[in-house]
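Here is the file start_24.pdb (PDB, C-alpha atoms and all ligand atoms).
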ATOM      1  CA  MET A  29      -2.844  23.897   6.570
ATOM      2  CA  SER A  30      -4.017  20.345   7.038
ATOM      3  CA  LEU A  31      -7.765  20.095   7.485
ATOM      4  CA  ARG A  32      -7.659  16.503   8.706
ATOM      5  CA  PRO A  33      -8.508  16.127  12.405
ATOM      6  CA  LYS A  34      -5.602  15.279  14.698
ATOM      7  CA  ALA A  35      -5.407  11.783  16.186
ATOM      8  CA  ARG A  36      -4.003  10.707  19.527
ATOM      9  CA  PRO A  37      -0.927   8.440  19.454
ATOM     10  CA  PRO A  38      -2.092   4.842  19.973
ATOM     11  CA  LEU A  39       0.906   3.885  22.160
ATOM     12  CA  LYS A  40       2.800   5.257  25.132
ATOM     13  CA  TRP A  41       6.272   6.094  23.865
ATOM     14  CA  ALA A  42       9.254   7.783  25.490
ATOM     15  CA  GLY A  43      10.495  11.027  23.968
ATOM     16  CA  GLY A  44       7.193  12.251  22.460
ATOM     17  CA  LYS A  45       7.641  15.753  21.107
ATOM     18  CA  ARG A  46       4.086  17.032  21.061
ATOM     19  CA  TRP A  47       5.218  20.223  22.774
ATOM     20  CA  LEU A  48       7.401  20.982  19.712
ATOM     21  CA  LEU A  49       4.446  20.687  17.362
ATOM     22  CA  LYS A  50       3.938  24.413  16.805
ATOM     23  CA  SER A  51       7.601  25.008  15.905
ATOM     24  CA  ILE A  52       7.727  22.039  13.518
ATOM     25  CA  GLN A  53       4.395  23.035  11.996
ATOM     26  CA  GLU A  54       5.730  26.513  11.131
ATOM     27  CA  LEU A  55       8.704  24.978   9.332
ATOM     28  CA  TRP A  56       6.619  22.305   7.582
ATOM     29  CA  ARG A  57       3.719  24.526   6.435
ATOM     30  CA  PRO A  58       5.351  26.034   3.281
ATOM     31  CA  TYR A  59       6.334  22.549   2.089
ATOM     32  CA  GLU A  60       2.933  21.083   2.933
ATOM     33  CA  THR A  61       1.408  23.735   0.684
ATOM     34  CA  LEU A  62       3.736  22.583  -2.111
ATOM     35  CA  GLY A  63       2.489  18.986  -1.665
ATOM     36  CA  SER A  64       5.697  17.630  -0.112
ATOM     37  CA  ARG A  65       5.924  14.278   1.631
ATOM     38  CA  PHE A  66       6.595  14.327   5.393
ATOM     39  CA  VAL A  67       9.391  11.960   6.451
ATOM     40  CA  GLU A  68      10.220  10.969  10.029
ATOM     41  CA  PRO A  69      13.224   8.599  10.160
ATOM     42  CA  PHE A  70      12.788   8.224  13.986
ATOM     43  CA  CYS A  71       8.992   8.215  14.194
ATOM     44  CA  GLY A  72       8.623   6.574  17.658
ATOM     45  CA  GLY A  73       5.166   7.215  19.111
ATOM     46  CA  LEU A  74       4.106   9.413  16.136
ATOM     47  CA  ALA A  75       3.298  12.397  18.370
ATOM     48  CA  ILE A  76       4.525  14.864  15.744
ATOM     49  CA  THR A  77       3.164  13.133  12.639
ATOM     50  CA  LEU A  78      -0.287  12.633  14.180
ATOM     51  CA  GLY A  79      -0.234  16.274  15.256
ATOM     52  CA  LEU A  80       0.605  17.455  11.732
ATOM     53  CA  MET A  81      -1.508  14.956   9.797
ATOM     54  CA  PRO A  82       0.409  15.205   6.508
ATOM     55  CA  LYS A  83      -1.364  13.901   3.418
ATOM     56  CA  ARG A  84       1.652  11.772   2.448
ATOM     57  CA  GLY A  85       4.138  10.393   4.927
ATOM     58  CA  HIS A  86       7.084   8.007   5.240
ATOM     59  CA  LEU A  87       7.565   6.951   8.826
ATOM     60  CA  ASN A  88      10.467   4.846   9.957
ATOM     61  CA  ASP A  89      11.795   3.491  13.225
ATOM     62  CA  ILE A  90      14.474   0.918  13.971
ATOM     63  CA  ASN A  91      12.100  -0.897  16.354
ATOM     64  CA  PRO A  92      10.498  -3.631  14.189
ATOM     65  CA  HIS A  93       7.682  -4.442  16.653
ATOM     66  CA  LEU A  94       6.582  -0.830  16.712
ATOM     67  CA  ILE A  95       6.462  -0.777  12.917
ATOM     68  CA  ASN A  96       4.646  -4.123  12.757
ATOM     69  CA  PHE A  97       1.996  -2.612  15.034
ATOM     70  CA  TYR A  98       1.567   0.418  12.731
ATOM     71  CA  ASN A  99       1.492  -1.749   9.612
ATOM     72  CA  GLN A 100      -1.172  -3.976  11.169
ATOM     73  CA  LEU A 101      -3.246  -0.894  12.066
ATOM     74  CA  LYS A 102      -2.914   0.237   8.468
ATOM     75  CA  SER A 103      -4.163  -3.155   7.233
ATOM     76  CA  GLY A 104      -7.172  -2.992   9.586
ATOM     77  CA  LEU A 105      -6.408  -4.570  12.963
ATOM     78  CA  THR A 106      -9.375  -6.099  14.813
ATOM     79  CA  ALA A 107      -9.169  -5.833  18.615
ATOM     80  CA  ASN A 108     -10.071  -9.468  19.192
ATOM     81  CA  LEU A 109      -7.754 -10.126  22.142
ATOM     82  CA  LYS A 110      -9.126 -10.136  25.675
ATOM     83  CA  MET A 111      -7.581  -7.081  27.350
ATOM     84  CA  GLU A 112      -7.812  -6.704  31.108
ATOM     85  CA  TYR A 113      -5.574  -5.034  33.629
ATOM     86  CA  ASP A 114      -4.382  -8.158  35.376
ATOM     87  CA  LYS A 115      -0.884  -9.206  36.452
ATOM     88  CA  ALA A 116      -1.227 -12.911  35.614
ATOM     89  CA  LEU A 117      -2.665 -12.088  32.193
ATOM     90  CA  TYR A 118       0.221  -9.680  31.566
ATOM     91  CA  TYR A 119       2.830 -12.380  32.131
ATOM     92  CA  THR A 120       0.877 -14.904  30.032
ATOM     93  CA  TYR A 121       0.776 -12.419  27.150
ATOM     94  CA  ARG A 122       4.420 -11.470  27.595
ATOM     95  CA  GLN A 123       5.336 -15.164  27.309
ATOM     96  CA  ARG A 124       3.135 -15.562  24.216
ATOM     97  CA  PHE A 125       4.687 -12.468  22.589
ATOM     98  CA  ASN A 126       8.174 -13.851  23.223
ATOM     99  CA  ASP A 127       7.146 -17.270  21.841
ATOM    100  CA  LEU A 128       6.044 -15.531  18.638
ATOM    101  CA  ILE A 129       9.433 -13.797  18.470
ATOM    102  CA  LYS A 130      11.231 -17.147  18.943
ATOM    103  CA  GLN A 131       9.096 -18.761  16.224
ATOM    104  CA  ASN A 132       9.686 -15.794  13.906
ATOM    105  CA  LYS A 133       5.937 -15.094  13.826
ATOM    106  CA  TRP A 134       6.093 -11.588  15.234
ATOM    107  CA  LYS A 135       5.023  -9.881  11.978
ATOM    108  CA  SER A 136       1.419 -10.821  12.654
ATOM    109  CA  PRO A 137      -1.853  -9.245  13.859
ATOM    110  CA  GLU A 138      -1.632 -11.337  17.051
ATOM    111  CA  ALA A 139       1.861  -9.987  17.849
ATOM    112  CA  ALA A 140       0.624  -6.432  17.185
ATOM    113  CA  LEU A 141      -2.283  -6.825  19.642
ATOM    114  CA  LEU A 142       0.021  -8.317  22.267
ATOM    115  CA  PHE A 143       2.473  -5.460  21.716
ATOM    116  CA  TYR A 144      -0.333  -2.955  22.248
ATOM    117  CA  TYR A 145      -1.460  -4.720  25.436
ATOM    118  CA  LEU A 146       2.102  -4.981  26.828
ATOM    119  CA  ASN A 147       2.760  -1.323  26.020
ATOM    120  CA  HIS A 148      -0.299  -0.205  28.005
ATOM    121  CA  THR A 149       0.086  -2.654  30.891
ATOM    122  CA  GLY A 150       3.863  -2.864  31.391
ATOM    123  CA  TYR A 151       6.005  -0.677  33.606
ATOM    124  CA  ASN A 152       5.965   2.958  32.417
ATOM    125  CA  GLY A 153       5.161   2.036  28.801
ATOM    126  CA  LEU A 154       8.780   0.885  28.456
ATOM    127  CA  CYS A 155       9.871  -1.088  25.419
ATOM    128  CA  ARG A 156      12.933  -3.092  26.403
ATOM    129  CA  PHE A 157      14.398  -6.346  25.120
ATOM    130  CA  ASN A 158      17.089  -8.618  26.552
ATOM    131  CA  GLN A 159      20.181  -9.753  24.655
ATOM    132  CA  LYS A 160      18.196 -12.561  23.040
ATOM    133  CA  GLY A 161      15.714 -10.018  21.694
ATOM    134  CA  LEU A 162      12.950 -11.021  24.137
ATOM    135  CA  PHE A 163      10.634  -8.469  25.744
ATOM    136  CA  ASN A 164      11.458  -8.203  29.460
ATOM    137  CA  VAL A 165       9.486  -5.259  30.893
ATOM    138  CA  PRO A 166       7.760  -6.071  34.232
ATOM    139  CA  PHE A 167       4.076  -5.488  35.014
ATOM    140  CA  GLY A 168       3.196  -1.828  35.672
ATOM    141  CA  GLU A 169       1.256  -0.645  38.728
ATOM    142  CA  TYR A 170      -1.632   1.620  37.704
ATOM    143  CA  LYS A 171      -5.031   2.453  39.186
ATOM    144  CA  THR A 172      -6.809   1.442  35.998
ATOM    145  CA  VAL A 173      -5.894   0.956  32.369
ATOM    146  CA  THR A 174      -8.192   1.710  29.450
ATOM    147  CA  TYR A 175      -7.690  -0.285  26.265
ATOM    148  CA  MET A 176      -8.915   0.753  22.845
ATOM    149  CA  LYS A 177     -11.648  -1.498  21.511
ATOM    150  CA  ASP A 178     -11.571  -0.314  17.935
ATOM    151  CA  PHE A 179      -8.558   0.624  15.824
ATOM    152  CA  GLU A 180     -10.513   1.471  12.661
ATOM    153  CA  TYR A 181      -9.714   5.180  12.912
ATOM    154  CA  TYR A 182      -5.990   4.480  12.455
ATOM    155  CA  ARG A 183      -6.626   2.414   9.334
ATOM    156  CA  LEU A 184      -8.069   5.528   7.709
ATOM    157  CA  VAL A 185      -5.403   7.898   9.044
ATOM    158  CA  PHE A 186      -2.507   5.633   7.969
ATOM    159  CA  ARG A 187      -3.916   4.945   4.492
ATOM    160  CA  ASP A 188      -1.450   7.161   2.597
ATOM    161  CA  TRP A 189       1.486   6.726   4.946
ATOM    162  CA  GLN A 190       4.276   4.231   4.442
ATOM    163  CA  PHE A 191       6.015   2.538   7.376
ATOM    164  CA  THR A 192       9.490   0.995   7.362
ATOM    165  CA  SER A 193      11.888  -0.339   9.961
ATOM    166  CA  THR A 194      15.547   0.322   9.172
ATOM    167  CA  ASP A 195      18.440   2.398  10.380
ATOM    168  CA  PHE A 196      17.716   6.065   9.491
ATOM    169  CA  GLU A 197      20.409   6.159   6.838
ATOM    170  CA  GLU A 198      18.615   3.527   4.756
ATOM    171  CA  VAL A 199      15.405   5.529   4.504
ATOM    172  CA  LEU A 200      14.825   6.254   0.821
ATOM    173  CA  ILE A 201      14.493   9.984   0.311
ATOM    174  CA  GLU A 202      12.687  11.570  -2.641
ATOM    175  CA  SER A 203      13.302  15.025  -4.087
ATOM    176  CA  SER A 204       9.971  16.413  -2.805
ATOM    177  CA  ASP A 205      10.501  15.322   0.827
ATOM    178  CA  PHE A 206      10.660  17.311   4.034
ATOM    179  CA  VAL A 207      12.484  15.494   6.856
ATOM    180  CA  TYR A 208      11.918  15.880  10.569
ATOM    181  CA  ALA A 209      14.529  13.879  12.503
ATOM    182  CA  ASP A 210      14.050  13.321  16.227
ATOM    183  CA  PRO A 211      16.880  10.989  17.305
ATOM    184  CA  PRO A 212      17.339   9.722  20.875
ATOM    185  CA  TYR A 213      18.752  12.652  22.845
ATOM    186  CA  ASP A 214      22.459  13.266  23.016
ATOM    187  CA  VAL A 215      23.537  12.604  26.586
ATOM    188  CA  GLU A 216      26.718  14.520  27.253
ATOM    189  CA  PHE A 217      29.615  12.653  28.891
ATOM    190  CA  ARG A 218      28.110   9.349  27.810
ATOM    191  CA  GLN A 219      29.115   7.432  24.720
ATOM    192  CA  TYR A 220      25.680   5.774  24.232
ATOM    193  CA  SER A 221      22.113   6.745  25.119
ATOM    194  CA  SER A 222      19.704   4.165  26.553
ATOM    195  CA  GLN A 223      18.690   3.226  23.015
ATOM    196  CA  GLY A 224      22.245   2.460  21.953
ATOM    197  CA  PHE A 225      22.412   5.650  19.894
ATOM    198  CA  GLY A 226      25.866   7.064  20.507
ATOM    199  CA  TRP A 227      27.904  10.100  19.634
ATOM    200  CA  PRO A 228      29.115   8.556  16.330
ATOM    201  CA  ASP A 229      25.424   8.140  15.380
ATOM    202  CA  GLN A 230      24.690  11.809  16.185
ATOM    203  CA  VAL A 231      27.542  12.818  13.853
ATOM    204  CA  ARG A 232      26.386  10.305  11.204
ATOM    205  CA  LEU A 233      22.860  11.778  11.347
ATOM    206  CA  ALA A 234      24.008  15.391  10.973
ATOM    207  CA  LYS A 235      26.186  14.411   7.974
ATOM    208  CA  TRP A 236      23.371  12.406   6.376
ATOM    209  CA  ILE A 237      20.881  15.271   6.686
ATOM    210  CA  LYS A 238      23.465  17.676   5.295
ATOM    211  CA  SER A 239      24.074  15.418   2.282
ATOM    212  CA  LEU A 240      20.384  15.324   1.270
ATOM    213  CA  ASN A 241      19.211  17.953  -1.150
ATOM    214  CA  ILE A 242      15.943  18.601   0.697
ATOM    215  CA  PRO A 243      14.662  20.807   3.551
ATOM    216  CA  ALA A 244      15.061  19.225   6.982
ATOM    217  CA  VAL A 245      15.061  19.811  10.700
ATOM    218  CA  ILE A 246      16.666  17.875  13.558
ATOM    219  CA  SER A 247      15.592  18.279  17.185
ATOM    220  CA  ASN A 248      17.908  17.374  20.022
ATOM    221  CA  GLN A 249      18.971  18.184  23.545
ATOM    222  CA  ALA A 250      21.124  21.330  23.366
ATOM    223  CA  THR A 251      24.340  19.918  24.800
ATOM    224  CA  ASP A 252      27.585  21.813  24.141
ATOM    225  CA  ARG A 253      28.905  19.242  21.686
ATOM    226  CA  ILE A 254      25.596  19.048  19.766
ATOM    227  CA  ILE A 255      25.536  22.841  19.357
ATOM    228  CA  LYS A 256      29.165  22.778  18.187
ATOM    229  CA  LEU A 257      28.423  19.972  15.718
ATOM    230  CA  TYR A 258      25.359  21.621  14.155
ATOM    231  CA  LYS A 259      27.091  25.033  14.008
ATOM    232  CA  SER A 260      30.121  23.528  12.266
ATOM    233  CA  MET A 261      27.760  22.231   9.563
ATOM    234  CA  ASN A 262      26.056  25.588   9.095
ATOM    235  CA  PHE A 263      22.608  24.581  10.303
ATOM    236  CA  GLU A 264      20.411  27.463  11.408
ATOM    237  CA  LEU A 265      19.831  26.990  15.161
ATOM    238  CA  LYS A 266      16.747  27.761  17.205
ATOM    239  CA  PHE A 267      16.658  27.203  20.985
ATOM    240  CA  LEU A 268      13.591  26.321  23.035
ATOM    241  CA  SER A 269      13.061  25.381  26.665
ATOM    242  CA  GLY A 270      11.554  21.943  27.024
ATOM    243  CA  PRO A 271       9.029  20.641  29.553
ATOM    244  CA  ARG A 272      11.660  18.419  31.201
ATOM    245  CA  MET A 273      13.427  19.844  34.249
ATOM    246  CA  ILE A 274      17.078  19.167  34.909
ATOM    247  CA  SER A 275      19.154  19.726  37.987
ATOM    248  CA  CYS A 276      21.512  22.640  37.489
ATOM    249  CA  LYS A 277      23.717  23.879  40.370
ATOM    250  CA  GLY A 278      21.100  22.812  42.918
ATOM    251  CA  ASP A 279      18.409  24.508  40.840
ATOM    252  CA  ARG A 280      15.696  22.991  38.665
ATOM    253  CA  THR A 281      15.836  24.550  35.208
ATOM    254  CA  PRO A 282      14.117  23.486  31.978
ATOM    255  CA  ALA A 283      16.293  21.379  29.663
ATOM    256  CA  ARG A 284      17.171  23.296  26.522
ATOM    257  CA  GLU A 285      16.149  21.876  23.176
ATOM    258  CA  VAL A 286      17.763  22.839  19.884
ATOM    259  CA  LEU A 287      16.276  22.763  16.387
ATOM    260  CA  ALA A 288      18.874  22.467  13.627
ATOM    261  CA  ILE A 289      17.211  23.784  10.505
ATOM    262  CA  LYS A 290      18.306  23.240   6.930
ATOM    263  CA  VAL A 291      16.478  25.476   4.485
ATOM    264  CA  LEU A 292      17.215  25.116   0.805
TER     265      LEU A 292
HETATM  266  C1  LIG B 301      12.850  10.357  20.614
HETATM  267  S1  LIG B 301      12.091   8.949  19.858
HETATM  268  C2  LIG B 301      11.094   9.720  18.606
HETATM  269  C3  LIG B 301       9.825  10.324  19.148
HETATM  270  C4  LIG B 301       8.842  10.894  18.115
HETATM  271  N1  LIG B 301       9.432  11.948  17.311
HETATM  272  C5  LIG B 301       7.574  11.426  18.799
HETATM  273  O1  LIG B 301       7.411  12.655  18.934
HETATM  274  O2  LIG B 301       6.760  10.590  19.225
HETATM  275  C6  LIG B 301      13.453   8.238  19.040
HETATM  276  C7  LIG B 301      13.172   6.954  18.247
HETATM  277  O3  LIG B 301      14.335   6.622  17.487
HETATM  278  C8  LIG B 301      14.387   5.217  17.277
HETATM  279  N2  LIG B 301      15.776   4.871  16.854
HETATM  280  C9  LIG B 301      16.873   4.684  17.627
HETATM  281  N3  LIG B 301      17.959   4.442  16.851
HETATM  282  C10 LIG B 301      17.549   4.498  15.549
HETATM  283  C11 LIG B 301      18.207   4.365  14.278
HETATM  284  N4  LIG B 301      19.522   4.119  14.202
HETATM  285  N5  LIG B 301      17.461   4.488  13.138
HETATM  286  C12 LIG B 301      16.117   4.730  13.216
HETATM  287  N6  LIG B 301      15.434   4.859  14.394
HETATM  288  C13 LIG B 301      16.137   4.761  15.551
HETATM  289  C14 LIG B 301      13.927   4.649  18.608
HETATM  290  O4  LIG B 301      13.395   3.341  18.456
HETATM  291  C15 LIG B 301      12.870   5.699  19.074
HETATM  292  O5  LIG B 301      11.565   5.259  18.808
END
Just give me the structure as structure tokens.
Ligand SMILES: C[S@@+](CC[C@H](N)C(=O)[O-])C[C@H]1O[C@@H](n2cnc3c(N)ncnc32)[C@H](O)[C@@H]1O
Amino acid sequence: MSLRPKARPPLKWAGGKRWLLKSIQELWRPYETLGSRFVEPFCGGLAITLGLMPKRGHLNDINPHLINFYNQLKSGLTANLKMEYDKALYYTYRQRFNDLIKQNKWKSPEAALLFYYLNHTGYNGLCRFNQKGLFNVPFGEYKTVTYMKDFEYYRLVFRDWQFTSTDFEEVLIESSDFVYADPPYDVEFRQYSSQGFGWPDQVRLAKWIKSLNIPAVISNQATDRIIKLYKSMNFELKFLSGPRMISCKGDRTPAREVLAIKVL
């Protein structure tokens, strides 16, 4: 068991799986004891990784601004940007962030601080870009917003973790890895989810995981076609009821989550 204290995720991020922590921890524990590396190809807000606190980690996400933020934290980011919950300031910072994107200067400490501010101040913690790749989330209405003044803790936590930003299939896997894959949910009857992750990507992910000679687990919404897909590839399935409620025949029932487990 990891003796390192757990840290809170530094950002608001959709799809956090903290409620799955216990189940993932049970699967990860034997490999942690062996000294395995923990790999999350869809790391998002890091809810699971920061809950598990692996000694060694490879964390990847296709969102390059998210990964720049983590890399800057790892290098020791100083919170030297004025942060106040103010609508005019929000739009000034949003403009500045987009200027940095246009000038190709977004891999910088300044862009990381702006990203942090926009994430905490924008509508619902959304991270959305227009077709030109510019951030277009409106100001969020909150009572108050608290901003972190010191990121030093994350520099220490991230010290032995590596961050990359690629499509999941390009993540370089080593023989001693354990993979936890948390893709955007499959949304039945829709070709693409809000993050542009479609059915062909769900199939591509299942095949990729199957092809790796390492232990792994995928979590997903338990739609009929996802269950069929994972069963056809001989994953061991475990069902859980999630915290999200869905409308079902006029009723509100918890959405079912599935864990597709590959034990070696
Ligand atoms: C459900 S979230 C992960 C949440 C995370 N496990 C947690 O508990 O905080 C899914 C993530 O997948 C990323 N993503 C979408 N398509 C991807 C792809 N093709 N390759 C890698 N990451 C991708 C998104 O940017 C998003 O952050």
Put the listed atoms of range 78-97 of chain A in a box along x, y and z with 6 Å added on every side and give me the centre and edge lengths in Å to one decimal, as JSON.
{"center_x": 6.5, "center_y": 6.5, "center_z": 9.6, "size_x": 28.0, "size_y": 33.9, "size_z": 26.3}
(request) Can you turn the PyMOL selection byres (((not hetatm)) within 10 of (chain B and resi 301)) into a concrete residue list for this file, as an MDAnalysis selection string? (result) chainID A and resid 37 39:49 68:79 87:95 155 192:199 208:213 221:226 229:230 232:233 247:248
(message) Give me the residues near range 119-133 of chain A as an MDAnalysis selection string, where near means some atom within 9 Å (using all atoms listed in the file) and where sequence neighbours in that chain fewer than 2 positions away do not count.
(response) chainID A and resid 114:117 135:136 138:139 142:143 145:146 161:167
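Shortest separation to Ser103 in chain A among A:Asn147, A:Thr61, A:Gly153, A:Phe179 occurs at residue A:Phe179, atoms counted being all atoms listed in the file.
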(message) Just checking: using all atoms listed in the file, which residue out of A:Val207, A:Leu80, A:Met261, A:Leu200 ends up closest to Glu54 in chain A?
(response) A:Leu80
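When CA of Lys102 in chain A is paired with CA of Lys50 in chain A, their separation reads 26.5 Å.
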(message) Once the PyMOL selection byres (((chain A and resi 255) around 12) and not hetatm) has been evaluated on this model, what residues remain selected, and can you format them as an NGL selection string?
(response) :A and (214 or 216 or 230-231 or 234 or 246-254 or 256-267 or 284-288)
(request) Report the distance between CA of Leu109 in chain A and CA of Thr172 in chain A in Å, rounded to one decimal place. (result) 18.1 Å
(message) Under the PyMOL selection byres (((chain A and resi 290) around 6) and not hetatm), which residues of this model are included? Write them out as a VMD selection string.
(response) chain A and resid 243 to 244 263 289 291
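Restricting the calculation to all atoms listed in the file, the smallest distance between Tyr59 in chain A and any of A:Tyr181, A:Phe157, A:Phe206, A:Tyr144 is found for A:Phe206.
The coordinates place CA of Asn158 in chain A at 28.6 Å from CA of Gln190 in chain A.
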(request) May I ask which of the residues A:Val215, A:Ala283, A:Leu292, A:Val245 is the closest one to Ser51 in chain A, counting all atoms listed in the file? (result)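 For Ser51 in chain A, the nearest of the given residues is A:Val245.
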